[in-house]
Every structure is written in C-alpha cells, then in structure tokens.
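Visitor: mmCIF, C-alpha atoms, saved as run_21.cif, coming up:
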data_upload
#
loop_
_atom_site.label_atom_id
_atom_site.label_comp_id
_atom_site.auth_asym_id
_atom_site.auth_seq_id
_atom_site.Cartn_x
_atom_site.Cartn_y
_atom_site.Cartn_z
CA MET B 1 -6.85 -31.14 -18.65
CA GLY B 2 -3.35 -32.34 -19.34
CA LYS B 3 -2.45 -33.43 -22.80
CA GLU B 4 -2.54 -37.13 -23.28
CA LYS B 5 0.63 -38.77 -24.49
CA ALA B 6 0.50 -40.06 -28.03
CA GLU B 7 0.47 -43.80 -28.21
CA THR B 8 3.49 -45.26 -29.99
CA PRO B 9 2.69 -48.12 -32.33
CA ALA B 10 4.11 -51.49 -31.38
CA SER B 11 7.19 -52.49 -33.32
CA THR B 12 6.31 -54.75 -36.19
CA PRO B 13 8.69 -57.22 -37.81
CA LYS B 14 10.27 -56.06 -41.06
CA LYS B 15 8.72 -57.49 -44.18
CA ALA B 16 10.93 -59.66 -46.28
CA ALA B 17 11.86 -58.37 -49.70
CA LYS B 18 9.85 -59.60 -52.64
CA GLY B 19 11.15 -62.84 -54.08
CA ALA B 20 13.29 -63.59 -51.00
CA THR B 21 12.74 -66.79 -49.09
CA PRO B 22 13.12 -66.61 -45.30
CA LYS B 23 16.01 -68.60 -43.85
CA LYS B 24 15.17 -71.50 -41.60
CA GLN B 25 16.68 -71.71 -38.16
CA GLY B 26 19.99 -73.53 -38.16
CA GLU B 27 20.41 -73.12 -41.89
CA LYS B 28 24.03 -72.31 -42.79
CA ALA B 29 24.74 -69.22 -44.83
CA ASP B 30 25.88 -69.78 -48.38
CA LYS B 31 28.79 -67.38 -47.99
CA LYS B 32 31.99 -69.09 -46.98
CA LYS B 33 33.95 -67.64 -44.12
CA LYS B 34 37.13 -65.89 -45.18
CA GLU B 35 40.21 -67.83 -44.25
CA ILE B 36 42.58 -65.88 -42.02
CA VAL B 37 46.09 -66.04 -43.43
CA ILE B 38 48.49 -66.01 -40.48
CA ILE B 39 51.65 -66.46 -42.58
CA PRO B 40 51.70 -64.81 -46.00
CA PRO B 41 53.01 -66.78 -49.00
CA ILE B 42 56.77 -66.69 -49.33
CA PRO B 43 58.12 -65.22 -52.60
CA ASP B 44 60.16 -67.47 -54.85
CA ASP B 45 63.27 -65.28 -54.66
CA VAL B 46 63.59 -65.74 -50.88
CA VAL B 47 66.33 -68.11 -49.71
CA ARG B 48 64.49 -70.93 -47.91
CA TRP B 49 67.31 -71.76 -45.50
CA TRP B 50 64.84 -73.18 -42.92
CA THR B 51 63.64 -76.04 -45.14
CA ASP B 52 65.02 -79.55 -45.15
CA ASN B 53 66.96 -78.82 -48.35
CA GLY B 54 68.47 -75.64 -46.97
CA SER B 55 71.83 -75.31 -45.27
CA GLY B 56 70.28 -74.35 -41.92
CA PRO B 57 71.07 -71.30 -39.81
CA THR B 58 74.62 -70.20 -39.15
CA ARG B 59 75.92 -68.89 -35.86
CA LYS B 60 78.40 -66.26 -34.79
CA GLY B 61 81.88 -67.47 -35.66
CA ASP B 62 80.73 -69.60 -38.61
CA ARG B 63 81.52 -68.80 -42.23
CA ARG B 64 78.45 -66.68 -43.00
CA TRP B 65 78.76 -66.19 -46.77
CA GLU B 66 80.78 -67.25 -49.81
CA THR B 67 80.16 -64.32 -52.18
CA LEU B 68 79.16 -60.77 -51.27
CA GLU B 69 78.52 -57.84 -53.61
CA HIS B 70 77.23 -54.35 -52.78
CA ASN B 71 77.61 -50.70 -53.77
CA GLY B 72 78.93 -49.23 -50.54
CA VAL B 73 77.15 -46.50 -48.58
CA LEU B 74 75.33 -43.27 -49.39
CA PHE B 75 77.02 -40.22 -47.85
CA ALA B 76 75.25 -37.10 -46.64
CA PRO B 77 75.19 -34.26 -49.19
CA PRO B 78 77.91 -31.59 -48.80
CA TYR B 79 77.10 -28.49 -46.77
CA ASP B 80 75.51 -25.70 -48.80
CA ALA B 81 76.60 -22.33 -47.35
CA HIS B 82 73.90 -19.66 -46.92
CA HIS B 83 76.22 -16.76 -45.86
CA VAL B 84 73.74 -15.43 -43.28
CA LYS B 85 75.65 -13.38 -40.72
CA MET B 86 75.42 -13.93 -36.97
CA LYS B 87 75.77 -11.05 -34.50
CA TYR B 88 78.35 -10.65 -31.78
CA ASP B 89 77.76 -7.90 -29.26
CA GLY B 90 75.28 -6.40 -31.72
CA GLU B 91 77.69 -6.34 -34.67
CA PRO B 92 77.07 -8.62 -37.70
CA ILE B 93 79.90 -11.07 -38.37
CA GLU B 94 80.40 -13.25 -41.42
CA LEU B 95 81.64 -16.67 -40.40
CA ASN B 96 83.95 -18.98 -42.30
CA ILE B 97 82.23 -22.00 -43.89
CA GLU B 98 83.22 -24.53 -41.19
CA ALA B 99 81.99 -22.29 -38.35
CA GLU B 100 78.83 -21.33 -40.25
CA GLU B 101 77.91 -25.01 -40.61
CA ILE B 102 78.21 -25.63 -36.85
CA ALA B 103 76.34 -22.40 -36.08
CA THR B 104 73.51 -23.54 -38.36
CA TYR B 105 73.18 -26.84 -36.49
CA TYR B 106 73.04 -24.82 -33.24
CA ALA B 107 70.35 -22.47 -34.59
CA MET B 108 68.23 -25.48 -35.57
CA CYS B 109 68.13 -26.61 -31.90
CA PHE B 110 66.54 -23.50 -30.38
CA GLU B 111 63.24 -25.23 -29.59
CA ARG B 112 64.67 -28.58 -28.48
CA ALA B 113 64.94 -29.71 -24.87
CA PRO B 114 68.75 -30.25 -24.77
CA PHE B 115 69.29 -26.64 -25.88
CA LYS B 116 68.29 -25.37 -22.42
CA ARG B 117 70.99 -27.34 -20.62
CA GLN B 118 74.25 -25.62 -19.74
CA VAL B 119 76.37 -28.61 -20.75
CA PHE B 120 74.90 -28.38 -24.25
CA GLN B 121 75.88 -24.70 -24.49
CA ASP B 122 79.39 -25.29 -23.17
CA ASN B 123 80.14 -28.22 -25.48
CA PHE B 124 78.80 -26.41 -28.52
CA PHE B 125 80.79 -23.24 -27.88
CA ALA B 126 84.02 -25.23 -27.40
CA ASP B 127 83.61 -26.96 -30.79
CA PHE B 128 82.36 -23.75 -32.42
CA ARG B 129 85.48 -21.81 -31.43
CA LYS B 130 87.71 -24.60 -32.77
CA ALA B 131 86.11 -24.12 -36.21
CA LEU B 132 86.64 -20.35 -36.23
CA THR B 133 89.56 -18.69 -37.99
CA PRO B 134 92.30 -17.37 -35.68
CA GLU B 135 91.06 -13.80 -36.16
CA LEU B 136 87.45 -14.67 -35.30
CA ARG B 137 88.58 -16.85 -32.40
CA ARG B 138 90.28 -13.86 -30.81
CA GLN B 139 87.16 -11.78 -31.33
CA ILE B 140 84.43 -14.27 -30.27
CA THR B 141 85.09 -15.30 -26.68
CA ASP B 142 81.71 -15.17 -24.92
CA LEU B 143 78.64 -17.21 -25.91
CA THR B 144 76.26 -14.82 -24.14
CA LEU B 145 77.25 -12.08 -26.62
CA CYS B 146 76.50 -14.31 -29.64
CA ASP B 147 73.20 -13.90 -31.47
CA PHE B 148 72.32 -16.74 -33.85
CA LYS B 149 68.72 -15.60 -34.38
CA PRO B 150 69.35 -14.38 -37.97
CA ILE B 151 70.47 -17.92 -38.87
CA ASN B 152 67.46 -19.40 -37.04
CA ASP B 153 65.13 -17.08 -39.00
CA TRP B 154 66.75 -18.16 -42.28
CA TRP B 155 66.35 -21.82 -41.36
CA LYS B 156 62.65 -21.40 -40.44
CA ALA B 157 62.03 -19.59 -43.72
CA SER B 158 63.71 -22.39 -45.71
CA VAL B 159 61.60 -25.03 -43.92
CA ALA B 160 58.42 -23.06 -44.66
CA ALA B 161 59.44 -22.69 -48.32
CA LYS B 162 59.88 -26.48 -48.64
CA LYS B 163 56.45 -27.09 -47.14
CA ALA B 164 54.90 -24.57 -49.54
CA MET B 165 56.34 -26.29 -52.61
CA PRO B 166 53.83 -27.44 -55.25
CA LYS B 167 53.02 -31.16 -55.24
CA GLU B 168 54.60 -31.61 -58.66
CA GLU B 169 57.92 -30.22 -57.44
CA LYS B 170 57.82 -32.35 -54.28
CA LYS B 171 57.13 -35.39 -56.44
CA LYS B 172 60.15 -34.62 -58.63
CA ILE B 173 62.39 -34.37 -55.56
CA LEU B 174 61.00 -37.66 -54.24
CA GLU B 175 61.61 -39.43 -57.54
CA ALA B 176 65.16 -38.06 -57.73
CA ASN B 177 65.81 -39.32 -54.20
CA LYS B 178 64.54 -42.79 -55.15
CA VAL B 179 66.91 -42.89 -58.12
CA LEU B 180 69.79 -41.81 -55.86
CA CYS B 181 69.07 -44.50 -53.25
CA ALA B 182 68.30 -47.36 -55.64
CA PRO B 183 71.89 -48.70 -56.08
CA TYR B 184 72.41 -48.97 -52.30
CA GLN B 185 69.14 -50.62 -51.26
CA PHE B 186 70.07 -54.20 -52.21
CA CYS B 187 73.14 -56.43 -52.21
CA MET B 188 73.93 -59.93 -53.45
CA VAL B 189 74.75 -62.62 -50.86
CA ASP B 190 75.72 -66.01 -52.30
CA GLY B 191 73.95 -65.10 -55.51
CA HIS B 192 70.69 -64.05 -53.82
CA LYS B 193 69.30 -60.52 -53.67
CA GLN B 194 69.04 -59.19 -50.11
CA LYS B 195 67.76 -55.85 -48.83
CA VAL B 196 70.16 -53.49 -46.99
CA SER B 197 68.84 -51.76 -43.89
CA ASN B 198 70.85 -48.63 -43.02
CA PHE B 199 72.82 -47.75 -46.14
CA ARG B 200 72.83 -44.00 -45.38
CA VAL B 201 75.70 -42.46 -43.44
CA GLU B 202 74.44 -40.18 -40.66
CA PRO B 203 74.73 -36.48 -41.52
CA PRO B 204 76.71 -34.16 -39.24
CA THR B 205 74.78 -32.46 -36.44
CA LEU B 206 75.02 -31.56 -32.76
CA PHE B 207 74.78 -34.54 -30.44
CA GLN B 208 71.52 -34.41 -28.45
CA GLY B 209 71.94 -37.25 -25.97
CA ARG B 210 69.38 -38.48 -23.48
CA GLY B 211 68.76 -36.80 -20.16
CA GLU B 212 71.76 -35.02 -18.67
CA HIS B 213 74.27 -36.48 -21.10
CA PRO B 214 77.73 -34.95 -20.51
CA LEU B 215 78.52 -34.92 -24.25
CA ALA B 216 75.32 -33.16 -25.36
CA GLY B 217 76.06 -30.27 -27.71
CA LYS B 218 79.27 -31.71 -29.17
CA LEU B 219 79.63 -31.82 -32.94
CA LYS B 220 78.99 -35.14 -34.66
CA LYS B 221 81.55 -34.73 -37.42
CA ARG B 222 80.90 -35.53 -41.05
CA ILE B 223 81.77 -39.13 -41.92
CA ARG B 224 84.03 -39.29 -44.97
CA PRO B 225 85.15 -42.27 -47.10
CA GLU B 226 88.50 -42.21 -45.28
CA ASP B 227 86.59 -43.21 -42.11
CA VAL B 228 84.70 -46.15 -43.68
CA THR B 229 85.84 -49.77 -43.89
CA ILE B 230 84.23 -51.84 -46.67
CA ASN B 231 83.60 -55.59 -46.28
CA ILE B 232 83.05 -57.34 -49.62
CA GLY B 233 83.83 -60.56 -51.48
CA GLU B 234 87.24 -61.16 -53.03
CA GLU B 235 85.84 -61.55 -56.55
CA ALA B 236 83.37 -58.64 -56.31
CA THR B 237 83.99 -55.16 -57.70
CA VAL B 238 84.91 -52.78 -54.90
CA PRO B 239 82.49 -49.81 -54.91
CA LYS B 240 84.09 -46.53 -55.97
CA ALA B 241 84.65 -43.93 -53.28
CA PRO B 242 83.48 -40.36 -54.05
CA GLU B 243 85.83 -38.41 -56.30
CA GLY B 244 88.97 -37.28 -54.53
CA HIS B 245 88.54 -39.77 -51.66
CA ARG B 246 89.45 -43.36 -50.83
CA TRP B 247 88.16 -45.97 -48.39
CA ALA B 248 89.90 -46.41 -45.06
CA GLU B 249 90.23 -50.15 -45.75
CA VAL B 250 88.71 -52.91 -47.89
CA ILE B 251 88.48 -56.31 -46.20
CA HIS B 252 87.02 -59.75 -47.06
CA ASN B 253 85.82 -61.13 -43.71
CA HIS B 254 83.48 -64.10 -44.26
CA ASP B 255 82.77 -64.48 -40.53
CA VAL B 256 80.75 -61.24 -40.16
CA THR B 257 77.53 -60.02 -41.79
CA TRP B 258 78.13 -56.25 -41.97
CA LEU B 259 78.86 -54.47 -45.26
CA ALA B 260 80.54 -51.30 -44.02
CA MET B 261 81.80 -49.89 -40.73
CA TRP B 262 82.98 -46.58 -39.25
CA LYS B 263 83.70 -45.26 -35.77
CA ASP B 264 81.46 -42.89 -33.83
CA GLU B 265 83.96 -40.51 -32.23
CA ILE B 266 81.51 -39.18 -29.63
CA MET B 267 80.25 -42.51 -28.24
CA ASN B 268 83.57 -44.24 -29.02
CA HIS B 269 82.02 -47.30 -30.68
CA HIS B 270 81.64 -48.60 -34.21
CA LYS B 271 78.55 -48.36 -36.42
CA TYR B 272 77.75 -50.99 -39.02
CA VAL B 273 75.73 -51.24 -42.22
CA MET B 274 73.66 -54.41 -41.87
CA LEU B 275 71.04 -56.25 -43.88
CA ALA B 276 67.32 -55.64 -43.37
CA ALA B 277 65.13 -57.50 -40.87
CA ASN B 278 63.72 -59.81 -43.58
CA SER B 279 67.17 -60.91 -44.74
CA THR B 280 68.66 -64.37 -44.32
CA PHE B 281 71.16 -63.35 -41.64
CA ARG B 282 68.57 -61.62 -39.46
CA GLY B 283 66.10 -64.47 -39.93
CA GLN B 284 68.69 -67.02 -38.83
CA SER B 285 69.52 -64.95 -35.76
CA ASP B 286 65.85 -64.71 -34.77
CA PHE B 287 65.36 -68.43 -35.40
CA LEU B 288 68.17 -69.40 -33.03
CA LYS B 289 66.70 -67.16 -30.32
CA PHE B 290 63.28 -68.79 -30.63
CA GLU B 291 64.80 -72.26 -30.68
CA ALA B 292 66.71 -71.45 -27.50
CA ALA B 293 63.51 -70.20 -25.87
CA ARG B 294 61.55 -73.26 -27.05
CA CYS B 295 64.10 -75.71 -25.73
CA LEU B 296 64.23 -73.88 -22.40
CA HIS B 297 60.40 -73.86 -22.33
CA VAL B 298 60.30 -70.07 -22.32
CA ARG B 299 57.31 -68.48 -24.03
CA PRO B 300 58.60 -66.26 -26.85
CA ARG B 301 57.45 -62.66 -27.13
CA ARG B 302 56.05 -63.29 -30.60
CA PRO B 303 55.13 -66.58 -32.33
CA ALA B 304 57.70 -68.15 -34.59
CA PRO B 305 56.64 -68.87 -38.19
CA SER B 306 55.09 -72.32 -38.60
CA ASP B 307 57.51 -73.16 -41.40
CA TRP B 308 60.29 -73.22 -38.81
CA ILE B 309 58.67 -76.12 -36.93
CA ARG B 310 60.05 -78.53 -39.54
CA VAL B 311 63.62 -77.46 -38.82
CA ALA B 312 65.75 -79.70 -36.63
CA VAL B 313 66.67 -78.44 -33.18
CA TRP B 314 69.67 -76.13 -33.32
CA ALA B 315 71.32 -75.51 -29.98
CA SER B 316 72.56 -71.93 -29.63
CA GLY B 317 76.32 -72.33 -29.91
CA GLY B 318 76.17 -75.67 -28.11
CA ALA B 319 75.52 -73.90 -24.82
CA PHE B 320 72.86 -76.46 -23.88
CA PHE B 321 71.41 -79.76 -25.06
CA CYS B 322 67.76 -80.09 -25.94
CA SER B 323 66.03 -83.46 -25.90
CA CYS B 324 62.52 -82.13 -26.60
#
Would you mind giving the structure from this file in structure tokens?
Guide:
Amino acid sequence: MGKEKAETPASTPKKAAKGATPKKQGEKADKKKKEIVIIPPIPDDVVRWWTDNGSGPTRKGDRRWETLEHNGVLFAPPYDAHHVKMKYDGEPIELNIEAEEIATYYAMCFERAPFKRQVFQDNFFADFRKALTPELRRQITDLTLCDFKPINDWWKASVAAKKAMPKEEKKKILEANKVLCAPYQFCMVDGHKQKVSNFRVEPPTLFQGRGEHPLAGKLKKRIRPEDVTINIGEEATVPKAPEGHRWAEVIHNHDVTWLAMWKDEIMNHHKYVMLAANSTFRGQSDFLKFEAARCLHVRPRRPAPSDWIRVAVWASGGAFFCSC
C-alpha cells in the first residue's frame, strides 16, 4: 500500500499580541507619513539672486562681478626622478631627466588601448627624441629597439607599494592633501564665498585622444605659471606665483566669470578655471536656459527649482519675447 500523504493543517490567523487592540477597517494609522522634501533648505550664506530682492541673473556681456578674490591655481608636483634605466638594443641606458619623465609616461600606458595604435607610437617617439641629449639622440634612432619594461616594472611596484600602505599612513597623506588644497577651493565674489570647481592644473602626460586621434601619443607639456593668466579684482591681492616664476598676465575683466586661463597646445584651445556648479554664475546660466525653454514651451530635461517660479521672465539676451 502506498504511503498516505500527511495532511497539512489549514492556515490559522495569527493571534494578536497581548494588550493590543485590533484595528478597525478604515481606521487611519497614528503614524504620520514622512514628508518628501523635493528641494532642500537653502543655507543662509548662499546668495539668493533669484528672489525679488536679488539683482537677478546676469547674461554674457554684462558686468558679472564687482569684487573678486582668489588664491590662483594648484600646480602639479614637480617630477621626481627614479633613475631606472631603459634598454636599447639590449644595452641599459641612463636617460636625462626630461627624457626619463616622458619615458615614464609611456611605460604607464602599456595596458591602455591607444598604446596599440601606430600613430601613438610615432608621436611619442618624435617627442621622446626631442627630449634626449644630442649624444643620446644620435644613439637612439629606432623605437623597436627600445625596451621600457624596466621602467614599467618600477611603476607597477610603486603602485603596489602605495596600495599596501597602512591605513594610518594613507590617512596622513589624505589629510596633508586636504591642507594643500584648502586655500584654492573657495573664492570671494562680491563679498560672498563661492566654491571653485577645477582649481588643479592638469599634470603632464601623453595625450590619449578618442578613437583614431591623429595627435594621440604626443606629450601634454607641464603647465607653468608663465603660461597662466590670472583674472582678479583691482583691489584684491594678486596670488603669489611659485618661487622663481611669474604669471603670464594679471587682468581685471569684469565681463567674464573665469579665475585663471592657459592654452592647451595640443588641442589649440584655452582652458579655464571656473566656479562650481552650485555657484551663483552657474546657477544664473542654468536659470536662463530653463526660462528660455519655458517660454518656448519646451519641456526641460530636469525640473527647475520651485523658488525660481517667483522670478520675473528673463528673455535670453533679448533673442525672443515671452508673453506667457
């Protein structure tokens, strides 16, 4: 005879805890629903330019500020030579400091996609030979005979050593970096503290590019104070350039919002130090874009803050008239 299946007891309703009274149908819970805060409270130190008492947003070409104070830019640390020799045709060669720096940037790119492209190799070798001494330039003429693996091994070992550092030592380095960056993180615009976005100057490296970029592999040279133009208020103290250097120029242009500028020699355009996304200038720029979209009945990509609804309609540069 087959075994009979054990009967499972019917599910019984759970007993209420002692002392608890069952809730009647339709009875509202005592707990209040948490209010969803869409817009966080605005700190007191923020310039409320969008309110009725504010001056309203400014546009390109307007006088953007009256007073401007900042501490300049933070330059990349100087190159620290490691004196690891490369090999040419199997023979170890000690490079001069300038060539060793470029060779180190090249050895750091072994596992990157642009490294496999021929244009990257050609551009690197052209700039590498320019940095060599005349004696080494006569000796090193073929990239296929160059062996940068000893430098690559040194770089991998240094990266592994940094990862293996104790937490206390990493914390000390992090705190020292915070102290170094602190003077450059904020500026004063019309007496109000504003956060600076990109106060660091890009360190030198080999240009990577996107896709089959014809300039991939070229050296992005070190930016020095002599390449940087400072924009600051007339009454403000001009930040000191590093010892032994001077700024390219110090100007007082009230019609622009950048703090410093230098030229990118590879892409042949200028790079600017601007204020952060939560600054007055960036907020005004975003506001004018949303106002233009609202007046043209275009749905914005993200909702504008509700506080901006109280602001009068500002036509973007007078390009159109809004009667909404």
Visitor: Put the listed atoms of range 238-243 of chain B in a box along x, y and z with 6 Å added on every side and give me the centre and edge lengths in Å to one decimal, as lines of an AutoDock Vina configuration file.
Guide:
center_x = 84.2
center_y = -45.6
center_z = -54.8
size_x = 15.3
size_y = 26.4
size_z = 15.0
Visitor: Under the rule that all atoms listed in the file are counted, which of B:Ala81, B:Ala113, B:Ala164, B:Ala293 is the nearest residue to Glu94 in chain B?
Guide: B:Ala81
Visitor: Give me the residues within 10 Å of Ile97 in chain B as a list in words, counting all atoms listed in the file and dropping any in the same chain fewer than 3 places off.
Guide: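 Near neighbours after the sequence-gap exclusion: Tyr79, Asp80, Ala81, His82, His83, Glu94, Glu100, Glu101, Ile102, Ala103, Ala131, Leu132 and Thr133 of chain B.
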Visitor: Which residues, named as in the file, does the PyMOL selection byres ((chain B and resi 206) around 12) pick out? Answer as an MDAnalysis selection string.
Guide: chainID B and resid 101:110 112 114:115 120:121 123:125 127:128 202:205 207:209 215:222 266
Visitor: Under the rule that all atoms listed in the file are counted, which of B:Leu74, B:Val196, B:Met274, B:Ala99 is the nearest residue to Pro239 in chain B?
Guide: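 That would be B:Leu74, the residue with the smallest distance to Pro239 in chain B.
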Visitor: Could you give me, as a ChimeraX atom specification, the residues that sit within 12 Å of (80.3, -14.2, -22.0) in the file's coordinates, counting only C-alpha atoms?
Guide: /B:88-89,121-122,125,139-147
Visitor: Once the PyMOL selection byres ((chain B and resi 241) around 10) has been evaluated on this model, what residues remain selected, and can you format them as a list in words?
Guide: Asn71, Gly72, Val73, Arg224, Pro225, Glu226, Val228, Val238, Pro239, Lys240, Pro242, Glu243, Gly244, His245, Arg246 and Trp247 of chain B
Visitor: Carefully work through the PyMOL selection byres ((chain B and resi 151) around 7) for this structure and note down the residues it includes, as a ChimeraX atom specification.
Guide: /B:84,86,104,107,148-150,152-155
Visitor: Between CA of Leu259 in chain B and CA of Leu180 in chain B, what is the distance in Å, rounded to a tenth?
Guide: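 Between these atoms lies a distance of 18.8 Å.
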Visitor: Using only C-alpha atoms, which of B:Ala76, B:Ala292, B:Cys187, B:Val273 sits nearest Trp258 in chain B?
Guide: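 Of all the options, B:Val273 lies closest to Trp258 in chain B.
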Visitor: Just how far from CA of Ile232 in chain B is CA of Pro77 in chain B, in Å to one decimal?
Guide: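 Going from CA of Pro77 in chain B over to CA of Ile232 in chain B, I get 24.4 Å.
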Visitor: Mind pulling up the distance from CA of Lys130 in chain B to CA of Glu98 in chain B?
Guide: 9.5 Å
Visitor: So, with all atoms listed in the file as the atoms that count, which of B:Thr237, B:Ser197, B:Thr67, B:Gln118 lies closest to Asn253 in chain B?
Guide: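 Nearest candidate to Asn253 in chain B out of B:Thr237, B:Ser197, B:Thr67, B:Gln118: B:Thr67.
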Visitor: Find, counting only C-alpha atoms, the residue in B:Pro214, B:His297, B:Ile251, B:Ala161 that gets nearest to Val119 in chain B.
Guide: B:Pro214
Visitor: Please supply range 246-265 of chain B, rebuilt with N, CA and C atoms, as a tab-separated table (two decimals), in the frame of the given file.
Guide:
chain	number	residue	atom	x	y	z
B	246	ARG	N	89.19	-41.92	-50.79
B	246	ARG	CA	89.45	-43.36	-50.83
B	246	ARG	C	88.95	-43.97	-49.53
B	247	TRP	N	88.64	-45.28	-49.58
B	247	TRP	CA	88.16	-45.97	-48.39
B	247	TRP	C	89.28	-46.13	-47.37
B	248	ALA	N	88.91	-46.19	-46.10
B	248	ALA	CA	89.90	-46.41	-45.06
B	248	ALA	C	90.55	-47.78	-45.23
B	249	GLU	N	89.72	-48.79	-45.57
B	249	GLU	CA	90.23	-50.15	-45.75
B	249	GLU	C	89.17	-50.97	-46.47
B	250	VAL	N	89.61	-51.95	-47.25
B	250	VAL	CA	88.71	-52.91	-47.89
B	250	VAL	C	89.12	-54.29	-47.42
B	251	ILE	N	88.17	-54.99	-46.76
B	251	ILE	CA	88.48	-56.31	-46.20
B	251	ILE	C	87.53	-57.35	-46.79
B	252	HIS	N	87.84	-58.63	-46.56
B	252	HIS	CA	87.02	-59.75	-47.06
B	252	HIS	C	86.81	-60.72	-45.91
B	253	ASN	N	86.04	-60.32	-44.91
B	253	ASN	CA	85.82	-61.13	-43.71
B	253	ASN	C	84.53	-61.92	-43.87
B	254	HIS	N	84.64	-63.24	-44.05
B	254	HIS	CA	83.48	-64.10	-44.26
B	254	HIS	C	82.77	-64.45	-42.96
B	255	ASP	N	83.35	-64.09	-41.82
B	255	ASP	CA	82.77	-64.48	-40.53
B	255	ASP	C	81.81	-63.43	-39.97
B	256	VAL	N	81.66	-62.29	-40.64
B	256	VAL	CA	80.75	-61.24	-40.16
B	256	VAL	C	79.71	-60.95	-41.24
B	257	THR	N	78.63	-60.27	-40.86
B	257	THR	CA	77.53	-60.02	-41.79
B	257	THR	C	77.37	-58.54	-42.12
B	258	TRP	N	78.27	-57.67	-41.65
B	258	TRP	CA	78.13	-56.25	-41.97
B	258	TRP	C	78.83	-55.93	-43.29
B	259	LEU	N	78.33	-54.87	-43.96
B	259	LEU	CA	78.86	-54.47	-45.26
B	259	LEU	C	79.84	-53.32	-45.17
B	260	ALA	N	79.66	-52.45	-44.20
B	260	ALA	CA	80.54	-51.30	-44.02
B	260	ALA	C	80.56	-50.92	-42.54
B	261	MET	N	81.61	-50.22	-42.13
B	261	MET	CA	81.80	-49.89	-40.73
B	261	MET	C	82.55	-48.58	-40.60
B	262	TRP	N	82.21	-47.78	-39.59
B	262	TRP	CA	82.98	-46.58	-39.25
B	262	TRP	C	82.84	-46.34	-37.75
B	263	LYS	N	83.68	-45.50	-37.21
B	263	LYS	CA	83.70	-45.26	-35.77
B	263	LYS	C	82.97	-43.98	-35.42
B	264	ASP	N	82.13	-44.06	-34.39
B	264	ASP	CA	81.46	-42.89	-33.83
B	264	ASP	C	82.40	-42.28	-32.79
B	265	GLU	N	82.96	-41.11	-33.10
B	265	GLU	CA	83.96	-40.51	-32.23
B	265	GLU	C	83.38	-40.05	-30.90
